[in-house]
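Colleague: As input, take data.cif (mmCIF, C-alpha atoms and all ligand atoms):
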```cif
data_target
loop_
_atom_site.label_atom_id
_atom_site.label_comp_id
_atom_site.auth_asym_id
_atom_site.auth_seq_id
_atom_site.Cartn_x
_atom_site.Cartn_y
_atom_site.Cartn_z
CA MET A 1 40.69 75.25 35.09
CA SER A 2 43.49 77.27 33.55
CA GLU A 3 47.06 76.26 34.30
CA GLN A 4 49.28 78.64 36.20
CA LEU A 5 53.01 78.49 35.50
CA ILE A 6 54.92 78.69 38.76
CA TYR A 7 58.32 77.45 37.65
CA LYS A 8 60.04 76.88 34.37
CA ARG A 9 63.52 75.90 33.40
CA THR A 10 65.59 78.85 32.24
CA ASP A 11 65.93 79.12 28.44
CA TYR A 12 69.64 79.64 29.01
CA ILE A 13 70.04 75.90 29.61
CA GLN A 14 69.53 73.68 26.56
CA ALA A 15 66.13 71.98 26.85
CA ASP A 16 67.36 68.40 26.33
CA LYS A 17 70.25 68.50 28.79
CA VAL A 18 70.56 66.84 32.20
CA ALA A 19 73.35 68.19 34.40
CA GLY A 20 76.33 65.88 34.84
CA PHE A 21 77.90 67.62 37.84
CA CYS A 22 78.47 65.46 40.94
CA PRO A 23 75.68 65.31 43.56
CA GLY A 24 75.97 68.32 45.88
CA CYS A 25 78.11 70.32 43.46
CA MET A 26 77.00 73.95 43.24
CA HIS A 27 78.13 74.59 39.65
CA GLY A 28 74.62 73.63 38.49
CA THR A 29 72.95 75.99 40.98
CA VAL A 30 75.09 78.94 39.91
CA MET A 31 74.52 78.16 36.26
CA LYS A 32 70.77 78.23 36.81
CA LEU A 33 71.03 81.57 38.62
CA ILE A 34 73.06 83.12 35.81
CA GLY A 35 70.42 81.91 33.35
CA GLU A 36 67.54 83.32 35.37
CA VAL A 37 69.27 86.70 35.67
CA LEU A 38 70.04 86.85 31.95
CA GLU A 39 66.45 85.96 31.13
CA GLU A 40 65.01 88.52 33.53
CA MET A 41 67.31 91.16 32.03
CA ASN A 42 66.45 90.02 28.49
CA LEU A 43 70.15 89.46 27.79
CA VAL A 44 70.41 85.75 26.92
CA ASP A 45 70.99 86.54 23.23
CA LYS A 46 73.42 89.35 24.03
CA SER A 47 75.56 87.37 26.47
CA VAL A 48 78.96 85.81 25.90
CA CYS A 49 80.59 83.57 28.48
CA THR A 50 84.33 82.97 28.51
CA LEU A 51 84.85 79.74 30.39
CA GLY A 52 87.85 78.66 32.38
CA ILE A 53 89.22 75.13 32.26
CA GLY A 54 87.98 72.67 34.87
CA CYS A 55 84.55 71.50 35.96
CA CYS A 56 83.54 75.14 35.50
CA GLY A 57 84.15 74.60 31.78
CA LEU A 58 81.62 71.76 31.64
CA GLN A 59 78.98 74.47 31.43
CA MET A 60 79.65 74.63 27.69
CA ASP A 61 77.71 71.39 27.30
CA TYR A 62 74.55 72.89 28.79
CA MET A 63 74.27 76.59 28.10
CA ALA A 64 72.28 77.99 25.22
CA CYS A 65 74.19 81.22 24.72
CA ASP A 66 77.45 82.18 23.07
CA ASN A 67 80.47 80.84 24.90
CA ILE A 68 84.14 80.27 24.34
CA THR A 69 86.50 78.06 26.31
CA SER A 70 89.67 79.94 27.12
CA PRO A 71 93.12 78.44 27.58
CA HIS A 72 93.58 77.56 31.26
CA GLY A 73 93.65 80.78 33.32
CA ARG A 74 93.18 83.11 30.38
CA ALA A 75 89.42 83.76 30.60
CA CYS A 76 89.89 87.40 31.66
CA ALA A 77 92.26 88.06 28.76
CA VAL A 78 89.81 86.46 26.31
CA ALA A 79 86.89 88.39 27.84
CA THR A 80 88.86 91.62 27.45
CA GLY A 81 89.13 91.09 23.71
CA ILE A 82 85.51 90.05 23.29
CA LYS A 83 84.10 92.93 25.32
CA ARG A 84 86.31 95.55 23.71
CA SER A 85 85.31 94.43 20.24
CA ASN A 86 81.62 93.89 21.15
CA PRO A 87 80.92 96.57 23.77
CA GLU A 88 77.16 96.08 23.52
CA SER A 89 77.40 92.42 24.62
CA LEU A 90 77.10 91.23 28.21
CA VAL A 91 80.42 89.44 28.77
CA TYR A 92 81.27 87.34 31.79
CA THR A 93 83.96 84.87 32.74
CA TYR A 94 83.11 81.71 34.67
CA GLN A 95 86.18 80.36 36.47
CA GLY A 96 87.25 78.04 39.25
CA ASP A 97 89.87 78.90 41.86
CA GLY A 98 92.64 76.93 40.16
CA ASP A 99 91.90 78.64 36.88
CA LEU A 100 91.40 82.17 38.23
CA ALA A 101 93.75 82.40 41.20
CA SER A 102 96.59 80.05 40.31
CA ILE A 103 97.54 79.80 36.64
CA GLY A 104 95.32 82.80 35.78
CA LEU A 105 96.15 85.20 38.60
CA ALA A 106 98.07 87.59 36.33
CA GLU A 107 95.20 87.83 33.83
CA THR A 108 92.65 88.32 36.61
CA MET A 109 94.63 91.06 38.38
CA SER A 110 95.51 92.81 35.14
CA ALA A 111 91.94 92.90 33.83
CA ALA A 112 90.64 94.11 37.18
CA ASN A 113 93.40 96.72 37.37
CA ARG A 114 92.45 98.01 33.92
CA GLY A 115 88.83 98.18 35.02
CA GLU A 116 87.69 96.13 32.05
CA ASN A 117 83.93 96.37 31.66
CA PHE A 118 83.01 92.73 32.16
CA THR A 119 82.01 90.48 35.06
CA THR A 120 83.83 87.54 36.61
CA ILE A 121 81.89 84.74 38.28
CA PHE A 122 84.47 83.08 40.50
CA ILE A 123 83.72 79.63 41.93
CA ASN A 124 85.78 79.12 45.08
CA ASN A 125 85.54 75.48 46.14
CA GLY A 126 89.00 75.44 47.69
CA ILE A 127 90.41 72.77 45.39
CA TYR A 128 91.08 71.73 41.80
CA GLY A 129 87.89 69.83 40.98
CA MET A 130 88.26 68.33 37.53
CA THR A 131 91.80 67.04 37.87
CA GLY A 132 91.20 65.16 41.11
CA GLY A 133 91.76 67.41 44.12
CA GLN A 134 95.11 69.19 43.86
CA MET A 135 95.75 72.12 46.20
CA ALA A 136 94.46 75.49 45.00
CA PRO A 137 95.51 78.96 46.22
CA THR A 138 92.23 78.94 48.17
CA THR A 139 92.76 75.57 49.91
CA LEU A 140 92.32 75.95 53.66
CA ILE A 141 95.11 75.39 56.15
CA GLY A 142 94.87 71.73 57.19
CA MET A 143 92.67 70.79 54.22
CA LYS A 144 93.90 67.67 52.46
CA ALA A 145 94.69 67.72 48.76
CA THR A 146 96.37 65.16 46.53
CA THR A 147 99.38 67.50 46.36
CA ALA A 148 99.23 68.13 50.13
CA PRO A 149 98.25 64.71 51.53
CA ALA A 150 98.98 65.76 55.12
CA GLY A 151 96.96 68.94 54.65
CA ARG A 152 98.01 72.43 53.61
CA ASN A 153 100.51 74.03 55.94
CA ALA A 154 101.42 77.69 55.79
CA GLU A 155 105.17 77.16 56.09
CA GLU A 156 105.35 75.00 53.00
CA HIS A 157 102.38 76.18 50.95
CA GLY A 158 101.52 79.70 52.05
CA TYR A 159 98.11 80.91 53.18
CA PRO A 160 94.65 80.70 51.60
CA MET A 161 94.25 83.50 49.07
CA HIS A 162 91.43 86.03 49.47
CA VAL A 163 90.73 87.14 45.93
CA CYS A 164 88.11 89.84 46.66
CA GLU A 165 90.37 91.47 49.25
CA LEU A 166 93.37 91.31 46.89
CA LEU A 167 91.40 93.04 44.14
CA ASP A 168 90.13 95.57 46.66
CA LYS A 169 93.70 96.93 46.79
CA LEU A 170 93.29 98.07 43.18
CA THR A 171 91.67 101.38 42.25
CA ALA A 172 89.61 100.32 39.25
CA PRO A 173 87.21 97.48 40.22
CA HIS A 174 83.63 98.66 40.64
CA PHE A 175 81.92 95.80 42.46
CA LEU A 176 83.47 92.97 44.50
CA VAL A 177 81.37 90.60 46.56
CA ARG A 178 81.66 87.19 48.21
CA THR A 179 78.57 85.02 48.52
CA SER A 180 77.55 81.37 48.77
CA CYS A 181 74.73 79.01 47.80
CA ASN A 182 74.59 77.07 51.08
CA THR A 183 71.07 78.18 52.07
CA PRO A 184 67.98 79.27 50.10
CA ALA A 185 68.50 82.83 51.40
CA ASN A 186 72.08 82.85 50.15
CA VAL A 187 71.02 81.42 46.80
CA MET A 188 68.67 84.41 46.40
CA LYS A 189 71.40 86.82 47.55
CA THR A 190 73.79 85.30 45.02
CA LYS A 191 71.24 85.81 42.26
CA ASN A 192 70.81 89.46 43.27
CA TYR A 193 74.58 90.02 43.33
CA ILE A 194 74.97 88.51 39.86
CA LYS A 195 72.16 90.75 38.64
CA LYS A 196 73.76 93.82 40.19
CA ALA A 197 77.12 93.01 38.60
CA PHE A 198 75.50 92.55 35.17
CA GLN A 199 73.54 95.80 35.60
CA TYR A 200 76.74 97.70 36.41
CA GLN A 201 78.37 96.22 33.33
CA MET A 202 75.47 97.27 31.07
CA GLU A 203 75.78 100.77 32.56
CA GLY A 204 79.48 100.76 31.56
CA LYS A 205 80.78 100.96 35.11
CA GLY A 206 83.73 98.60 34.75
CA TYR A 207 85.03 95.44 36.34
CA SER A 208 82.97 93.38 38.77
CA LEU A 209 83.65 90.04 40.45
CA VAL A 210 81.18 87.79 42.24
CA GLU A 211 83.01 85.16 44.29
CA ILE A 212 80.81 82.20 45.22
CA VAL A 213 82.05 79.91 47.99
CA THR A 214 80.93 76.42 46.97
CA SER A 215 81.54 72.79 47.80
CA CYS A 216 83.28 70.02 45.90
CA PRO A 217 81.97 66.94 47.74
CA THR A 218 83.85 64.57 45.44
CA ASN A 219 87.31 65.96 46.08
CA TRP A 220 86.61 66.90 49.66
CA GLY A 221 85.81 63.20 50.19
CA LEU A 222 82.44 63.99 51.78
CA ASP A 223 78.83 63.32 50.94
CA SER A 224 76.67 66.29 49.91
CA LEU A 225 75.34 67.10 53.39
CA LYS A 226 78.70 66.71 55.14
CA ALA A 227 80.23 68.92 52.44
CA LEU A 228 77.66 71.61 53.25
CA GLU A 229 78.57 71.34 56.93
CA TYR A 230 82.26 71.62 56.05
CA LEU A 231 81.55 74.68 53.94
CA GLU A 232 79.73 76.37 56.79
CA GLU A 233 82.13 75.36 59.57
CA LYS A 234 85.47 75.75 57.77
CA MET A 235 85.17 77.64 54.48
CA LEU A 236 82.94 80.52 55.57
CA PRO A 237 85.04 81.57 58.59
CA GLU A 238 88.06 81.84 56.24
CA TYR A 239 85.99 83.45 53.46
CA PRO A 240 83.43 85.71 55.13
CA LEU A 241 80.45 86.62 52.99
CA GLY A 242 79.47 90.14 52.07
CA VAL A 243 80.11 93.09 49.81
CA VAL A 244 83.79 94.00 49.71
CA ARG A 245 83.36 96.99 47.37
CA ASP A 246 80.35 98.62 45.74
CA LEU A 247 81.00 101.96 44.06
CA GLY A 248 77.31 102.28 43.18
C1 LIG B 301 97.97 74.78 30.80
C2 LIG B 301 97.20 73.72 31.54
N1 LIG B 301 97.70 73.25 32.70
C3 LIG B 301 97.00 72.30 33.41
C4 LIG B 301 95.82 71.83 32.93
C5 LIG B 301 95.07 70.76 33.73
N2 LIG B 301 93.91 71.28 34.41
C6 LIG B 301 92.67 71.14 33.89
S1 LIG B 301 91.47 71.72 34.90
C7 LIG B 301 92.62 72.12 36.08
C8 LIG B 301 92.22 72.71 37.42
C9 LIG B 301 90.84 73.20 37.50
O1 LIG B 301 90.53 73.55 38.81
P1 LIG B 301 89.58 74.76 39.15
O2 LIG B 301 89.98 75.96 38.36
O3 LIG B 301 89.59 74.95 40.62
O4 LIG B 301 88.17 74.34 38.59
P2 LIG B 301 87.08 73.25 39.06
O5 LIG B 301 87.42 72.00 38.33
O6 LIG B 301 87.18 73.11 40.58
O7 LIG B 301 85.78 73.84 38.62
C10 LIG B 301 93.91 71.82 35.66
C11 LIG B 301 95.14 72.04 36.47
C12 LIG B 301 95.34 72.34 31.71
N3 LIG B 301 94.16 71.95 31.19
N4 LIG B 301 96.04 73.29 31.05
S1 LIG B 302 84.55 67.26 40.90
FE1 LIG B 302 83.86 68.84 42.35
S2 LIG B 302 83.66 70.74 41.14
FE2 LIG B 302 83.72 68.99 39.71
S3 LIG B 302 81.56 68.46 39.30
FE3 LIG B 302 82.30 67.15 40.98
S4 LIG B 302 81.76 68.24 42.88
FE4 LIG B 302 81.64 69.71 41.16
#
```
What is this file in structure tokens?
Modeller:
Amino acid sequence: MSEQLIYKRTDYIQADKVAGFCPGCMHGTVMKLIGEVLEEMNLVDKSVCTLGIGCCGLQMDYMACDNITSPHGRACAVATGIKRSNPESLVYTYQGDGDLASIGLAETMSAANRGENFTTIFINNGIYGMTGGQMAPTTLIGMKATTAPAGRNAEEHGYPMHVCELLDKLTAPHFLVRTSCNTPANVMKTKNYIKKAFQYQMEGKGYSLVEIVTSCPTNWGLDSLKALEYLEEKMLPEYPLGVVRDLG
């Protein structure tokens, strides 16, 4: 009987690597989706990832495509240089919310405002993951962080930042969407959004950002399943899913 291949690991992930992300972390899921999209589009060898600093940057240990780790927050500036000097490459940044929306907000806004022709994959887990749970711009009101042990309060810390909606105030961005990987259906949607963003880039249509609302069970102090519940009950009402802008 001949064998039928029904699933194979994406070539974008090095064959000998086992993911070291915490149980329940969605970085690994998103990484797999990016790999599947690049493979389906035949772009693995043409892709360049500019990584932010944080757990998002751990991807460099696993991926089998060109990548560069940017100084903290500067992934969009680095991607600008790479894409402008290699316009035929598929260039994307992969950044957490501390990296993209805190120390890197200026670079993110400026690249989006210039309509740079690359894609940002933005992992919004509401907290600084790698450094142990400090408050991020996306931390929810009432959510505990090591720098807000009583929970974020608006008076002292301001409000959770909605990156897609902020960028939607700019003229240039082509595609802005917020998605999640909390259910199989949303995993598939996320894959399709990443593919759409990459397609737009290859058609030269300008800046796109795919925000993915994810969990950080370790720094949320929850097990994987409870973290999923928290994501659905608390994160998604604050960060509603859907297309914010699609210029087609
Ligand atoms: C200039 C600079 N400041 C601070 C740090 C310390 N630092 C490393 S990762 C990080 C936060 C990362 O959080 P996030 O972007 O949310 O990514 P995650 O770990 O959740 O994927 C910080 C503050 C650094 N590496 N460089
Ligand atoms: S600390 Fe959080 S973001 Fe980092 S690998 Fe663990 S669960 Fe993922």
Colleague: How far is it from CA of Thr10 (chain A) to CA of Leu43 (chain A), in Å with one decimal?
Modeller: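 Going from CA of Thr10 (chain A) over to CA of Leu43 (chain A), I get 12.4 Å.
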Colleague: Show which residues sit within 12 Å of Glu40 (chain A), as a PyMOL selection string. Count all atoms listed in the file, and ignore same-chain residues fewer than 6 positions away.
Modeller: chain A and resi 10-12+33-34+191-192+194-195+198-199
Colleague: Contacts of Gly221 (chain A) at 10 Å or less, counting all atoms listed in the file, minus same-chain residues fewer than 5 places along, as a VMD selection string?
Modeller: chain A and resid 133 144 216 226 to 227
Colleague: To check your reading of the model: which residues sit at most 6 Å from ligand LIG 301 (chain B) when counting all atoms listed in the file? Write the answer as a ChimeraX atom specification.
Modeller: /A:53-56,72,96-99,127-131
Colleague: My list of candidates is A:Ile212, A:Gly206, A:Val177, A:Glu107. Which is closest to Val243 (chain A) when distances are computed with only C-alpha atoms?
Modeller: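 Going through A:Ile212, A:Gly206, A:Val177, A:Glu107 one by one, the smallest distance to Val243 (chain A) is for A:Val177.
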Colleague: Counting all atoms listed in the file, what residues are within 7 Å of ligand LIG 302 (chain B), given as a ChimeraX atom specification?
Modeller: /A:21-27,55,129-130,132,215-219
Colleague: Take CA of Thr80 (chain A) and CA of Lys32 (chain A) and report the distance between them in Å, one decimal.
Modeller: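 Answer for the CA of Thr80 (chain A) to CA of Lys32 (chain A) separation: 24.4 Å.
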Colleague: Which of these, A:Ala101, A:Cys76, A:Ile13, A:Ile121, has the shortest distance to Val163 (chain A) once you count all atoms listed in the file?
Modeller: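 Using all atoms listed in the file, the shortest distance to Val163 (chain A) belongs to A:Ala101.
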Colleague: Around (83.7, 97.5, 28.1) in the file's own coordinates, what residues are found within 7 Å if you use all atoms listed in the file, given back as a list in words?
Modeller: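 Those residues lying close to the given coordinates are Lys83, Arg84, Pro87, Glu116, Asn117, Phe118, Gly204 and Gly206 of chain A.
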Colleague: Could you jot down the CA of Ala154 (chain A) to CA of Ser102 (chain A) separation for me, Å, one decimal place?
Modeller: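 Atom-to-atom, CA of Ala154 (chain A) and CA of Ser102 (chain A) are spaced 16.4 Å apart.
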Colleague: Neighbouring residues of Thr146 (chain A) were defined as those with any atom within 6 Å, considering all atoms listed in the file; residues of the same chain fewer than 2 positions away were excluded. Please report them as a PDB file with C-alpha atoms, in the coordinates of the input.
Modeller:
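So the final result, stored in around_11.pdb, reads:
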```pdb
ATOM      1  CA  GLY A 133      91.760  67.410  44.120  1.00  0.00           C
ATOM      2  CA  GLN A 134      95.110  69.190  43.860  1.00  0.00           C
ATOM      3  CA  ALA A 148      99.230  68.130  50.130  1.00  0.00           C
ATOM      4  CA  PRO A 149      98.250  64.710  51.530  1.00  0.00           C
TER       5      PRO A 149
END
```
Colleague: May I ask which of the residues A:Leu58, A:Ala19, A:Met202, A:Leu105 is the closest one to Ala75 (chain A), counting all atoms listed in the file?
Modeller: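 Comparing A:Leu58, A:Ala19, A:Met202, A:Leu105 against Ala75 (chain A), the winner is A:Leu105.
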Colleague: Quick one: region 157-182 of chain A with N, CA and C atoms, as a short mmCIF file (atom, residue, chain, number, x, y, z; two decimals), in the frame of the given file?
Modeller:
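Contents of part.cif, as written:
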```
data_model
loop_
_atom_site.label_atom_id
_atom_site.label_comp_id
_atom_site.auth_asym_id
_atom_site.auth_seq_id
_atom_site.Cartn_x
_atom_site.Cartn_y
_atom_site.Cartn_z
N HIS A 157 103.28 75.88 52.07
CA HIS A 157 102.38 76.18 50.95
C HIS A 157 101.80 77.60 50.96
N GLY A 158 102.12 78.37 51.97
CA GLY A 158 101.52 79.70 52.05
C GLY A 158 100.09 79.64 52.57
N TYR A 159 99.44 80.78 52.56
CA TYR A 159 98.11 80.91 53.18
C TYR A 159 97.00 80.93 52.13
N PRO A 160 95.78 80.60 52.53
CA PRO A 160 94.65 80.70 51.60
C PRO A 160 94.54 82.12 51.03
N MET A 161 94.28 82.20 49.76
CA MET A 161 94.25 83.50 49.07
C MET A 161 92.83 84.08 49.06
N HIS A 162 92.73 85.35 49.44
CA HIS A 162 91.43 86.03 49.47
C HIS A 162 91.33 86.95 48.25
N VAL A 163 90.69 86.44 47.22
CA VAL A 163 90.73 87.14 45.93
C VAL A 163 90.02 88.50 46.00
N CYS A 164 88.84 88.56 46.61
CA CYS A 164 88.11 89.84 46.66
C CYS A 164 88.97 90.90 47.37
N GLU A 165 89.60 90.50 48.48
CA GLU A 165 90.37 91.47 49.25
C GLU A 165 91.63 91.89 48.48
N LEU A 166 92.22 90.95 47.73
CA LEU A 166 93.37 91.31 46.89
C LEU A 166 92.97 92.36 45.87
N LEU A 167 91.85 92.11 45.19
CA LEU A 167 91.40 93.04 44.14
C LEU A 167 90.96 94.37 44.74
N ASP A 168 90.57 94.33 46.00
CA ASP A 168 90.13 95.57 46.66
C ASP A 168 91.30 96.53 46.87
N LYS A 169 92.53 96.05 46.70
CA LYS A 169 93.70 96.93 46.79
C LYS A 169 93.87 97.76 45.52
N LEU A 170 93.18 97.36 44.46
CA LEU A 170 93.29 98.07 43.18
C LEU A 170 92.27 99.22 43.14
N THR A 171 92.56 100.22 42.33
CA THR A 171 91.67 101.38 42.25
C THR A 171 90.44 101.11 41.38
N ALA A 172 90.63 100.35 40.30
CA ALA A 172 89.61 100.32 39.25
C ALA A 172 88.35 99.47 39.52
N PRO A 173 88.42 98.32 40.18
CA PRO A 173 87.21 97.48 40.22
C PRO A 173 86.01 98.23 40.80
N HIS A 174 84.83 97.93 40.23
CA HIS A 174 83.63 98.66 40.64
C HIS A 174 82.82 97.92 41.70
N PHE A 175 82.79 96.58 41.58
CA PHE A 175 81.92 95.80 42.46
C PHE A 175 82.60 94.47 42.77
N LEU A 176 82.83 94.22 44.06
CA LEU A 176 83.47 92.97 44.50
C LEU A 176 82.63 92.41 45.64
N VAL A 177 82.23 91.17 45.52
CA VAL A 177 81.37 90.60 46.56
C VAL A 177 81.67 89.12 46.73
N ARG A 178 81.52 88.64 47.97
CA ARG A 178 81.66 87.19 48.21
C ARG A 178 80.34 86.66 48.76
N THR A 179 79.88 85.57 48.17
CA THR A 179 78.57 85.02 48.52
C THR A 179 78.67 83.50 48.52
N SER A 180 77.56 82.83 48.83
CA SER A 180 77.55 81.37 48.77
C SER A 180 76.15 80.89 48.36
N CYS A 181 76.03 79.59 48.15
CA CYS A 181 74.73 79.01 47.80
C CYS A 181 74.38 77.93 48.81
N ASN A 182 74.78 78.12 50.07
CA ASN A 182 74.59 77.07 51.08
C ASN A 182 73.20 77.05 51.67
#
```
